[in-house]
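What follows is the content of target-v5.txt (compact mmCIF, C-alpha atoms).
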```
# COMPACT_ATOMS: atom_id res chain seq x y z
CA MET K 1 19.63 -25.49 120.00
CA LYS K 2 19.23 -22.10 121.52
CA SER K 3 22.96 -21.63 121.79
CA LYS K 4 23.37 -22.53 118.13
CA LEU K 5 20.98 -19.76 117.15
CA LYS K 6 22.88 -17.44 119.38
CA ILE K 7 26.11 -18.33 117.63
CA ILE K 8 24.60 -17.73 114.21
CA ALA K 9 23.23 -14.38 115.32
CA MET K 10 26.63 -13.44 116.70
CA VAL K 11 28.36 -14.44 113.47
CA LEU K 12 25.94 -12.39 111.41
CA LEU K 13 26.34 -9.42 113.69
CA PHE K 14 30.10 -9.54 113.47
CA LEU K 15 30.02 -9.98 109.70
CA PHE K 16 27.78 -6.96 109.52
CA ILE K 17 30.23 -4.93 111.56
CA ALA K 18 33.21 -6.24 109.61
CA ILE K 19 31.88 -5.20 106.22
CA GLN K 20 31.41 -1.65 107.46
CA VAL K 21 35.18 -1.37 107.11
CA TYR K 22 34.81 -1.29 103.35
CA GLN K 23 33.85 2.29 102.44
CA PRO K 24 34.32 3.29 98.80
CA THR K 25 34.67 7.00 98.00
CA LEU K 26 31.46 8.97 98.01
CA ASN K 27 30.07 10.34 94.78
CA VAL K 28 30.03 14.00 95.85
CA ASP K 29 31.54 17.04 94.15
CA LYS K 30 31.01 19.73 96.80
CA GLY K 31 29.10 22.11 94.57
CA GLN K 32 31.48 22.11 91.63
CA VAL K 33 30.13 23.84 88.50
CA TYR K 34 30.62 22.06 85.17
CA GLN K 35 30.91 23.88 81.86
CA THR K 36 29.96 20.64 80.19
CA ASP K 37 26.86 20.01 82.30
CA PHE K 38 23.68 19.13 80.43
CA ILE K 39 21.42 21.62 82.23
CA GLN K 40 24.04 24.38 81.99
CA SER K 41 24.92 23.87 78.36
CA SER K 42 21.72 22.73 76.65
CA ASN K 43 19.41 25.63 77.52
CA VAL K 44 17.20 23.40 79.59
CA PRO K 45 14.01 24.99 81.00
CA ILE K 46 14.07 25.36 84.81
CA GLU K 47 11.17 22.96 85.21
CA VAL K 48 12.88 20.23 83.20
CA GLY K 49 16.19 20.89 84.94
CA ASN K 50 14.63 20.50 88.37
CA ILE K 51 13.03 17.18 87.50
CA LEU K 52 16.31 15.90 86.07
CA ARG K 53 18.22 16.98 89.19
CA THR K 54 15.78 15.28 91.55
CA SER K 55 15.13 12.10 89.59
CA CYS K 56 18.26 11.48 87.51
CA TYR K 57 21.28 13.30 88.90
CA ASP K 58 21.66 11.08 91.97
CA CYS K 59 23.12 8.37 89.75
CA HIS K 60 23.88 10.12 86.47
CA SER K 61 26.11 12.92 87.77
CA ASN K 62 29.13 13.46 90.00
CA ASN K 63 26.97 14.42 92.95
CA THR K 64 24.63 12.12 94.83
CA ASN K 65 22.25 13.22 97.56
CA TYR K 66 22.72 10.25 99.84
CA VAL K 67 20.18 9.14 102.41
CA TRP K 68 21.30 7.85 105.80
CA TYR K 69 21.09 4.12 105.00
CA ASP K 70 23.25 4.60 101.92
CA TYR K 71 26.18 4.94 104.30
CA ILE K 72 25.66 1.49 105.78
CA GLN K 73 26.97 -1.70 104.23
CA PRO K 74 25.92 -3.64 102.24
CA ALA K 75 23.70 -0.86 100.85
CA ARG K 76 26.74 1.36 100.49
CA PHE K 77 28.44 -1.14 98.22
CA LEU K 78 25.40 -1.72 96.03
CA VAL K 79 24.63 1.97 95.68
CA GLU K 80 28.20 2.87 94.78
CA ASN K 81 28.43 0.12 92.16
CA HIS K 82 25.14 1.20 90.73
CA ILE K 83 26.22 4.84 90.47
CA LYS K 84 29.47 3.82 88.82
CA SER K 85 27.77 1.88 86.05
CA ALA K 86 25.10 4.58 85.64
CA LYS K 87 27.76 7.22 85.11
CA GLU K 88 29.57 5.08 82.57
CA ASP K 89 26.46 5.11 80.43
CA LEU K 90 25.47 8.71 81.01
CA ASN K 91 26.96 11.44 83.17
CA PHE K 92 24.98 14.65 82.80
CA ASN K 93 27.96 16.64 84.11
CA ASP K 94 30.03 15.45 81.13
CA TRP K 95 27.37 16.04 78.48
CA GLY K 96 29.41 18.63 76.60
CA LYS K 97 32.30 16.16 76.24
CA TYR K 98 30.18 13.67 74.33
CA SER K 99 30.19 13.53 70.53
CA ASN K 100 27.09 14.67 68.66
CA ARG K 101 26.52 11.07 67.73
CA LYS K 102 26.45 10.02 71.35
CA GLN K 103 24.32 12.97 72.46
CA GLU K 104 21.75 12.15 69.82
CA ARG K 105 21.64 8.51 70.82
CA LEU K 106 21.35 9.38 74.50
CA LEU K 107 18.50 11.84 73.96
CA THR K 108 16.48 9.18 72.16
CA SER K 109 17.37 6.65 74.79
CA ILE K 110 16.55 8.96 77.73
CA LYS K 111 13.15 9.70 76.26
CA LYS K 112 12.40 6.04 75.69
CA GLN K 113 13.54 4.97 79.15
CA ILE K 114 11.40 7.62 80.85
CA LYS K 115 8.39 6.97 78.65
CA THR K 116 8.41 3.24 79.31
CA GLY K 117 8.95 3.74 83.04
CA LYS K 118 12.31 1.96 83.04
CA MET K 119 14.00 5.04 84.44
CA PRO K 120 14.32 6.10 87.16
CA LEU K 121 14.77 2.50 88.27
CA PRO K 122 11.87 1.16 90.31
CA SER K 123 14.38 -0.28 92.79
CA TYR K 124 15.67 3.24 93.33
CA THR K 125 12.33 5.07 93.57
CA LEU K 126 11.15 2.46 96.05
CA MET K 127 13.41 4.09 98.61
CA HIS K 128 13.55 7.57 97.06
CA LYS K 129 9.93 8.58 96.77
CA ASP K 130 10.74 12.15 95.75
CA ALA K 131 12.55 10.86 92.64
CA GLU K 132 9.50 9.02 91.35
CA LEU K 133 8.04 10.65 88.24
CA ASN K 134 4.32 11.28 88.03
CA ASN K 135 2.51 11.36 84.68
CA ALA K 136 2.64 15.14 84.44
CA GLN K 137 6.41 15.13 84.96
CA ILE K 138 6.88 12.37 82.41
CA LYS K 139 4.89 14.47 79.95
CA ILE K 140 7.02 17.56 80.60
CA LEU K 141 10.26 15.63 80.10
CA THR K 142 9.27 13.64 77.04
CA SER K 143 7.68 16.53 75.18
CA TRP K 144 10.74 18.69 75.81
CA LEU K 145 13.04 15.85 74.71
CA GLU K 146 10.91 15.40 71.62
CA GLU K 147 11.60 19.00 70.65
CA GLN K 148 15.34 18.43 70.89
CA GLU K 149 15.50 15.77 68.20
CA MET J 150 32.95 -19.05 124.10
CA LYS J 151 36.54 -18.28 123.27
CA ASN J 152 36.35 -20.61 120.30
CA ILE J 153 33.24 -18.92 118.96
CA PHE J 154 34.80 -15.54 119.35
CA PHE J 155 37.89 -16.66 117.49
CA SER J 156 35.94 -18.13 114.58
CA ILE J 157 33.87 -14.97 114.27
CA ILE J 158 36.94 -12.81 114.01
CA THR J 159 38.43 -15.17 111.43
CA LEU J 160 35.28 -15.00 109.38
CA ALA J 161 35.21 -11.24 109.55
CA THR J 162 38.84 -11.03 108.43
CA VAL J 163 38.14 -13.39 105.58
CA ALA J 164 35.24 -11.21 104.52
CA VAL J 165 37.37 -8.08 104.52
CA ILE J 166 40.14 -9.82 102.61
CA THR J 167 37.74 -11.17 100.01
CA VAL J 168 36.38 -7.71 99.37
CA SER J 169 39.79 -6.15 98.95
CA CYS J 170 41.13 -9.06 96.90
CA ASN J 171 38.20 -8.74 94.60
CA GLN J 172 39.17 -5.18 93.84
CA PHE J 173 42.70 -6.25 93.24
CA SER J 174 41.83 -9.01 90.79
CA ASN J 175 39.65 -6.58 88.86
CA LYS J 176 42.66 -4.39 88.34
CA ASN J 177 44.62 -7.43 87.26
CA ASN J 178 42.05 -8.26 84.62
CA ASP J 179 42.31 -4.77 83.17
CA GLN J 180 46.04 -5.19 82.96
CA GLN J 181 45.66 -8.47 81.12
CA ALA J 182 43.23 -6.94 78.69
CA THR J 183 45.64 -4.18 77.73
CA ASP J 184 48.45 -6.70 77.48
CA SER J 185 46.57 -8.80 75.00
CA THR J 186 45.74 -5.83 72.80
CA VAL J 187 49.41 -4.94 72.68
CA LEU J 188 50.12 -8.52 71.72
CA SER J 189 47.60 -8.53 68.90
CA GLU J 190 49.09 -5.32 67.61
CA THR J 191 52.53 -6.80 67.39
CA GLN J 192 51.28 -9.90 65.64
CA THR J 193 50.42 -7.96 62.51
CA LEU J 194 54.08 -7.47 61.59
CA PRO J 195 54.48 -8.78 58.05
CA SER J 196 57.36 -10.98 57.04
CA SER J 197 60.14 -8.80 55.76
CA GLU J 198 62.26 -11.83 54.82
CA GLN J 199 60.40 -12.18 51.56
CA ASN J 200 61.93 -8.94 50.32
CA ASP J 201 65.09 -10.60 49.13
CA THR J 202 66.81 -7.69 47.46
CA VAL J 203 70.50 -8.42 47.51
CA ALA J 204 72.07 -5.15 46.44
CA SER J 205 71.08 -2.67 49.11
CA THR J 206 72.65 -2.50 52.54
CA ALA J 207 70.86 -3.87 55.54
CA ASP J 208 70.01 -0.40 56.73
CA THR J 209 68.18 0.76 53.63
CA LEU J 210 66.56 -2.60 53.34
CA ALA J 211 65.08 -2.16 56.77
CA LYS J 212 63.87 1.31 55.90
CA GLN J 213 62.31 0.09 52.70
CA SER J 214 60.47 -2.77 54.24
CA LYS J 215 59.20 -0.44 56.92
CA LYS J 216 57.76 1.78 54.26
CA ILE J 217 56.10 -1.16 52.61
CA ASP J 218 54.69 -2.26 55.95
CA VAL J 219 52.96 1.04 56.52
CA LYS J 220 51.60 1.11 53.02
CA GLU J 221 50.36 -2.44 53.24
CA GLN J 222 48.68 -1.85 56.57
CA VAL J 223 46.86 1.22 55.31
CA GLN J 224 45.59 -0.71 52.33
CA ASN J 225 44.81 -3.70 54.48
CA PHE J 226 42.39 -1.98 56.82
CA SER J 227 38.94 -3.28 56.17
CA ILE J 228 35.72 -3.05 58.10
CA ALA J 229 34.81 -6.55 56.90
CA PRO J 230 35.13 -8.19 60.37
CA ILE J 231 32.98 -5.47 61.95
CA VAL J 232 30.34 -5.81 59.25
CA LYS J 233 30.41 -9.58 59.58
CA ASP J 234 29.73 -9.45 63.33
CA TYR J 235 27.08 -6.80 62.85
CA LEU J 236 25.24 -9.00 60.35
CA VAL J 237 25.27 -11.95 62.75
CA LEU J 238 23.84 -9.68 65.42
CA LYS J 239 21.22 -8.23 63.10
CA ASN J 240 20.14 -11.70 61.98
CA ALA J 241 19.81 -12.86 65.58
CA LEU J 242 17.36 -10.02 66.18
CA VAL J 243 15.51 -10.90 62.98
CA ALA J 244 15.09 -14.37 64.48
CA ASP J 245 13.91 -12.87 67.82
CA ASN J 246 16.85 -14.59 69.50
CA ASP J 247 18.02 -12.40 72.36
CA LYS J 248 20.69 -14.83 73.53
CA ALA J 249 22.30 -15.14 70.13
CA ALA J 250 22.10 -11.35 69.80
CA ALA J 251 23.88 -10.96 73.12
CA SER J 252 26.74 -13.25 72.16
CA ALA J 253 26.99 -11.55 68.77
CA GLY J 254 27.12 -8.21 70.57
CA LYS J 255 29.99 -9.45 72.70
CA GLN J 256 31.79 -10.73 69.63
CA LEU J 257 31.34 -7.38 67.88
CA LEU J 258 32.68 -5.55 70.93
CA ALA J 259 35.75 -7.81 70.94
CA THR J 260 36.29 -7.20 67.23
CA LEU J 261 36.01 -3.43 67.66
CA LYS J 262 38.44 -3.50 70.57
CA ALA J 263 40.96 -5.51 68.55
CA VAL J 264 41.08 -3.00 65.68
CA ASP J 265 44.63 -1.84 65.09
CA MET J 266 44.46 1.94 64.99
CA LYS J 267 47.79 2.06 63.16
CA ALA J 268 46.14 0.43 60.17
CA ILE J 269 43.67 3.27 59.78
CA PRO J 270 44.72 6.23 57.60
CA ALA J 271 45.55 9.23 59.79
CA ASN J 272 43.00 11.52 58.18
CA LYS J 273 40.21 9.12 59.16
CA HIS J 274 41.32 8.54 62.75
CA LYS J 275 39.05 11.09 64.35
CA ASP J 276 35.93 10.05 62.49
CA TYR J 277 36.66 6.41 63.08
CA MET J 278 37.23 6.90 66.80
CA GLU J 279 33.95 8.72 67.24
CA ILE J 280 31.97 6.09 65.38
CA ALA J 281 33.80 3.19 67.01
CA ASP J 282 33.32 4.54 70.55
CA ASP J 283 29.61 4.77 69.98
CA ALA J 284 29.48 1.37 68.30
CA LYS J 285 31.35 -0.20 71.22
CA GLU J 286 28.82 1.13 73.71
CA ASN J 287 25.93 -0.12 71.62
CA ALA J 288 27.52 -3.54 71.16
CA GLU J 289 28.25 -3.75 74.89
CA HIS J 290 24.66 -2.96 75.83
CA ILE J 291 23.32 -5.53 73.39
CA GLY J 292 25.79 -8.06 74.81
CA ASP J 293 24.70 -7.35 78.37
CA ASN J 294 20.96 -7.50 77.78
CA ALA J 295 20.04 -11.06 76.95
CA GLY J 296 16.41 -11.40 78.01
CA LYS J 297 15.62 -7.80 77.13
CA ILE J 298 15.23 -7.92 73.39
CA ASP J 299 13.48 -4.52 73.29
CA HIS J 300 16.53 -2.91 74.82
CA GLN J 301 18.80 -4.75 72.41
CA ARG J 302 16.75 -3.46 69.49
CA GLU J 303 16.89 0.04 70.92
CA HIS J 304 20.65 -0.13 70.55
CA LEU J 305 20.50 -1.70 67.11
CA ALA J 306 19.17 1.59 65.70
CA PRO J 307 22.21 3.75 66.62
CA LEU J 308 24.55 0.81 65.94
CA SER J 309 23.17 0.49 62.41
CA LYS J 310 23.80 4.18 61.89
CA ASP J 311 27.38 3.65 63.10
CA VAL J 312 27.92 0.77 60.67
CA SER J 313 26.38 2.73 57.83
CA ASP J 314 28.75 5.63 58.57
CA LEU J 315 31.69 3.25 58.68
CA ILE J 316 30.73 2.01 55.23
CA ALA J 317 30.53 5.61 54.02
CA LEU J 318 33.99 6.25 55.45
CA PHE J 319 35.84 3.11 54.37
CA GLY J 320 33.73 1.62 51.61
CA SER J 321 31.67 -1.52 51.64
CA PRO J 322 33.52 -4.84 51.92
CA GLN J 323 30.72 -6.75 50.19
CA LYS J 324 27.34 -6.33 48.51
CA LEU J 325 25.12 -4.69 51.14
CA TYR J 326 21.75 -3.01 51.39
CA GLN J 327 20.61 -0.19 53.62
CA ASP J 328 17.03 -0.89 54.64
CA HIS J 329 14.60 1.41 56.36
CA CYS J 330 11.90 0.61 58.88
CA PRO J 331 9.45 3.54 58.96
CA MET J 332 7.67 2.50 62.15
CA TYR J 333 10.45 2.11 64.65
CA ASN J 334 11.21 4.77 67.26
CA ASP J 335 7.68 6.17 67.46
CA GLY J 336 7.37 6.54 63.73
CA LYS J 337 10.68 8.34 63.34
CA GLY J 338 12.07 5.33 61.55
CA ALA J 339 15.39 3.52 61.74
CA ILE J 340 17.77 1.96 59.28
CA TRP J 341 19.58 -1.35 59.25
CA ILE J 342 22.22 -2.90 57.03
CA SER J 343 21.52 -6.21 55.35
CA GLU J 344 23.38 -8.67 53.18
CA SER J 345 20.26 -9.81 51.37
CA LYS J 346 17.88 -7.91 49.14
CA GLU J 347 14.88 -9.48 50.77
CA ILE J 348 13.47 -7.43 53.67
CA LYS J 349 13.81 -9.11 57.06
CA ASN J 350 13.06 -6.58 59.76
CA PRO J 351 15.33 -6.89 62.84
CA TYR J 352 13.37 -4.30 64.85
CA TYR J 353 10.17 -6.29 64.99
CA GLY J 354 11.28 -9.80 63.99
CA SER J 355 8.49 -12.26 63.36
CA GLN J 356 5.89 -9.64 64.34
CA MET J 357 6.46 -7.73 61.11
CA ILE J 358 9.19 -9.58 59.29
CA SER J 359 8.69 -8.03 55.84
CA CYS J 360 8.08 -4.43 56.97
CA GLY J 361 10.49 -1.94 55.46
CA SER J 362 12.17 -1.04 52.19
CA VAL J 363 15.60 -0.90 50.58
CA LYS J 364 16.96 2.66 50.62
CA LYS J 365 20.47 2.21 49.31
CA THR J 366 22.67 -0.39 47.73
CA TYR J 367 26.38 -0.51 48.44
```
Will you turn the file into structure tokens for me?
Amino acid sequence: MKSKLKIIAMVLLFLFIAIQVYQPTLNVDKGQVYQTDFIQSSNVPIEVGNILRTSCYDCHSNNTNYVWYDYIQPARFLVENHIKSAKEDLNFNDWGKYSNRKQERLLTSIKKQIKTGKMPLPSYTLMHKDAELNNAQIKILTSWLEEQE
Amino acid sequence: MKNIFFSIITLATVAVITVSCNQFSNKNNDQQATDSTVLSETQTLPSSEQNDTVASTADTLAKQSKKIDVKEQVQNFSIAPIVKDYLVLKNALVADNDKAAASAGKQLLATLKAVDMKAIPANKHKDYMEIADDAKENAEHIGDNAGKIDHQREHLAPLSKDVSDLIALFGSPQKLYQDHCPMYNDGKGAIWISESKEIKNPYYGSQMISCGSVKKTY
């Protein structure tokens, strides 16, 4: 019985090591400046910009501030997939490339998601406490977004 | 012990292979998708045999029928299939049916993807592309969010604007009404397109089925 457990533990350990081989490219841009960036191009107040960078840009831009466990599989895989789909919906670095129609829709949607606490994702803030928005920050973001409509 | 070691290594290799194969098959799917769009484009070739003019040479005949093709296609473009799918989607949300809304969203996305750009007059390409890109994203989100009817409704608002702009651009394929819900979006209001004069609010469903008013008739 004991040896069986040992075998299972060994298998799991080796599987864990094996999946480390799979390392998708990191979402980092090495300080590149974007003409089309939301904060650069939309005259965003510093306060709003800082909140967006801390709480949104990890997934919705070309640069993620990874934490150490993000480099380890299977977290690595999940995080990278998550960032990919987040950027498909909204990439703040590409804001200027979007049509007016899309920008308008996204502004409404961003406001709603923040207001209802759907964004940033609870599964993300669980591990990234600094990204969590307090009520004052939510107020700052939503009232600024309100002005933009 | 040797046996165990061997099986572990095999398992690990299998795991690595599965991961990389997965990526590969994803690429394959993309390829298939583009293939099928090409196919559907070629299917729209009209039958030139019917043009049985005897006198002209084969060369001019070919040229002529080509001209007719282009003309026919331009005249043939209609947003009817898009509107049809939109109405199914809208009615699913009226009925508070998130699952039906999701499948209608998927259907609408497929319809939008299958649109033959060659059939759209050149001067309307740019406008169409902008509207269609936005509509595709909205349809996709609605399709992916069965179980989250609030999120589906959130995307119905911009999608309805897209459809209304398509109607403005290409004309209405049938009798339609543009309705307005004053409450949605924190009192900012939102429109929807309906095939019936009677108000049936897709943003609130059974909660407030008759809330809203007709703004426009197409």
Return the neighbours of chain J among the residues of chain K, cut-off 7 Å, counting only C-alpha atoms, as a ChimeraX atom specification.
/K:11,14-15,18-19,99,102,105
Name the residues in contact with stretch 119-133 of chain K at a cut-off of 8 Å, using all atoms listed in the file, excluding same-chain residues fewer than 5 positions from it; report them as a ChimeraX atom specification.
/K:54-56,113-114,138
Rounded to one decimal place, report the atom CA of K:Val67-atom CA of K:Ile51 distance in Å.
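Atom-to-atom, atom CA of K:Val67 to atom CA of K:Ile51, that is 18.4 Å.
When atom CA of J:Lys337 is paired with atom CA of K:Val44, their separation reads 23.1 Å.
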List the neighbours of J:Asp293 out to 9 Å using all atoms listed in the file; skip same-chain residues closer than 5 positions along the sequence, and give me the result as a PyMOL selection string.
chain J and resi 251-252+254-255+288+301
Store the residues picked out above in a file with C-alpha atoms, as a PDB file, in the coordinates of the input.
```
ATOM      1  CA  ALA J 251      23.880 -10.960  73.120  1.00  0.00           C
ATOM      2  CA  SER J 252      26.740 -13.250  72.160  1.00  0.00           C
ATOM      3  CA  GLY J 254      27.120  -8.210  70.570  1.00  0.00           C
ATOM      4  CA  LYS J 255      29.990  -9.450  72.700  1.00  0.00           C
ATOM      5  CA  ALA J 288      27.520  -3.540  71.160  1.00  0.00           C
ATOM      6  CA  GLN J 301      18.800  -4.750  72.410  1.00  0.00           C
TER       7      GLN J 301
END
```
So, with only C-alpha atoms as the atoms that count, which of J:Pro230, J:Gly336, J:Ala295, J:Asp247 lies closest to J:Leu261?
J:Pro230
Restricting to all atoms listed in the file, whichever of K:Gln20, K:Gln35, K:Asn62, K:Ser3 is closest to K:Lys87 is K:Asn62
Atom CA of J:Gln327 to atom CA of J:Ser343 measures 6.3 Å
Within 10 Å of (25.4, 12.6, 93.3) (coordinates as in the file), grab all the protein and nucleic acid residues, counting all atoms listed in the file, and write them out as a ChimeraX atom specification.
/K:26-30,53,56-66,83
Show me, as a list in words, the residues that have an atom within 9 Å of J:Gly354 when counting all atoms listed in the file, minus same-chain residues fewer than 3 positions from it.
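Neighbouring residues, sequence-local ones excluded: Leu242, Val243, Ala244, Asp245, Lys349, Asn350, Pro351, Met357, Ile358 and Ser359 of chain J.
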Do you know which residues are at most 12 Å from J:Ser345 counting all atoms listed in the file, after dropping those on the same chain fewer than 2 positions away, and could you put them as a short mmCIF file (atom, residue, chain, number, x, y, z; two decimals) with C-alpha atoms, in the coordinates of the input?
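around-v8.cif, freshly written:
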```cif
data_model
loop_
_atom_site.label_atom_id
_atom_site.label_comp_id
_atom_site.auth_asym_id
_atom_site.auth_seq_id
_atom_site.Cartn_x
_atom_site.Cartn_y
_atom_site.Cartn_z
CA LEU J 236 25.24 -9.00 60.35
CA LYS J 239 21.22 -8.23 63.10
CA ASN J 240 20.14 -11.70 61.98
CA GLN J 323 30.72 -6.75 50.19
CA LYS J 324 27.34 -6.33 48.51
CA LEU J 325 25.12 -4.69 51.14
CA TYR J 326 21.75 -3.01 51.39
CA GLN J 327 20.61 -0.19 53.62
CA ASP J 328 17.03 -0.89 54.64
CA TRP J 341 19.58 -1.35 59.25
CA ILE J 342 22.22 -2.90 57.03
CA SER J 343 21.52 -6.21 55.35
CA GLU J 347 14.88 -9.48 50.77
CA ILE J 348 13.47 -7.43 53.67
CA LYS J 349 13.81 -9.11 57.06
CA ASN J 350 13.06 -6.58 59.76
CA SER J 362 12.17 -1.04 52.19
CA VAL J 363 15.60 -0.90 50.58
CA THR J 366 22.67 -0.39 47.73
CA TYR J 367 26.38 -0.51 48.44
#
```
Fewer than 5 positions away in the same chain doesn't count, so skip those; otherwise give me all residues within 9 Å of J:Ser227, counting only C-alpha atoms, as a VMD selection string.
chain J and resid 269 319 to 322
Rank J:Tyr235, J:Tyr333, J:Tyr352, J:Phe226 by their smallest atom-to-atom distance to J:Lys285, using only C-alpha atoms, and report the top residue only.
J:Tyr235
Of the listed residues K:Val21, K:Gln103, K:Asp37, K:Gln137, that which approaches K:Gly117 most closely, counting all atoms listed in the file:
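Using all atoms listed in the file, K:Gly117 sits closest to K:Gln137.
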With distances taken over all atoms listed in the file, which residue among K:Leu52, K:Ile7, K:Pro24, K:Ile140 lies nearest K:Asp70?
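Looking only at the distances to K:Asp70, the closest residue turns out to be K:Pro24.
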Can you spit out stretch 311-336 of chain J with C-alpha atoms, as a PDB file, in the first residue's frame, from the structure just given?
```
ATOM      1  CA  ASP J 311     -24.704  47.921 -35.221  1.00  0.00           C
ATOM      2  CA  VAL J 312     -27.803  46.379 -36.809  1.00  0.00           C
ATOM      3  CA  SER J 313     -29.555  49.729 -36.896  1.00  0.00           C
ATOM      4  CA  ASP J 314     -26.532  51.243 -38.673  1.00  0.00           C
ATOM      5  CA  LEU J 315     -26.487  48.356 -41.129  1.00  0.00           C
ATOM      6  CA  ILE J 316     -30.117  49.079 -41.943  1.00  0.00           C
ATOM      7  CA  ALA J 317     -29.252  52.748 -42.446  1.00  0.00           C
ATOM      8  CA  LEU J 318     -26.435  51.732 -44.783  1.00  0.00           C
ATOM      9  CA  PHE J 319     -28.126  49.022 -46.846  1.00  0.00           C
ATOM     10  CA  GLY J 320     -31.831  49.528 -46.321  1.00  0.00           C
ATOM     11  CA  SER J 321     -34.265  47.386 -44.425  1.00  0.00           C
ATOM     12  CA  PRO J 322     -35.024  43.920 -45.821  1.00  0.00           C
ATOM     13  CA  GLN J 323     -38.445  43.805 -44.168  1.00  0.00           C
ATOM     14  CA  LYS J 324     -40.865  45.821 -42.050  1.00  0.00           C
ATOM     15  CA  LEU J 325     -38.940  46.662 -38.876  1.00  0.00           C
ATOM     16  CA  TYR J 326     -39.251  48.905 -35.845  1.00  0.00           C
ATOM     17  CA  GLN J 327     -36.581  50.638 -33.839  1.00  0.00           C
ATOM     18  CA  ASP J 328     -37.625  50.563 -30.205  1.00  0.00           C
ATOM     19  CA  HIS J 329     -36.123  52.431 -27.301  1.00  0.00           C
ATOM     20  CA  CYS J 330     -35.738  51.367 -23.692  1.00  0.00           C
ATOM     21  CA  PRO J 331     -35.162  54.501 -21.585  1.00  0.00           C
ATOM     22  CA  MET J 332     -34.017  52.685 -18.456  1.00  0.00           C
ATOM     23  CA  TYR J 333     -31.205  50.497 -19.650  1.00  0.00           C
ATOM     24  CA  ASN J 334     -27.561  51.422 -19.111  1.00  0.00           C
ATOM     25  CA  ASP J 335     -28.115  53.487 -15.965  1.00  0.00           C
ATOM     26  CA  GLY J 336     -30.867  55.531 -17.523  1.00  0.00           C
TER      27      GLY J 336
END
```
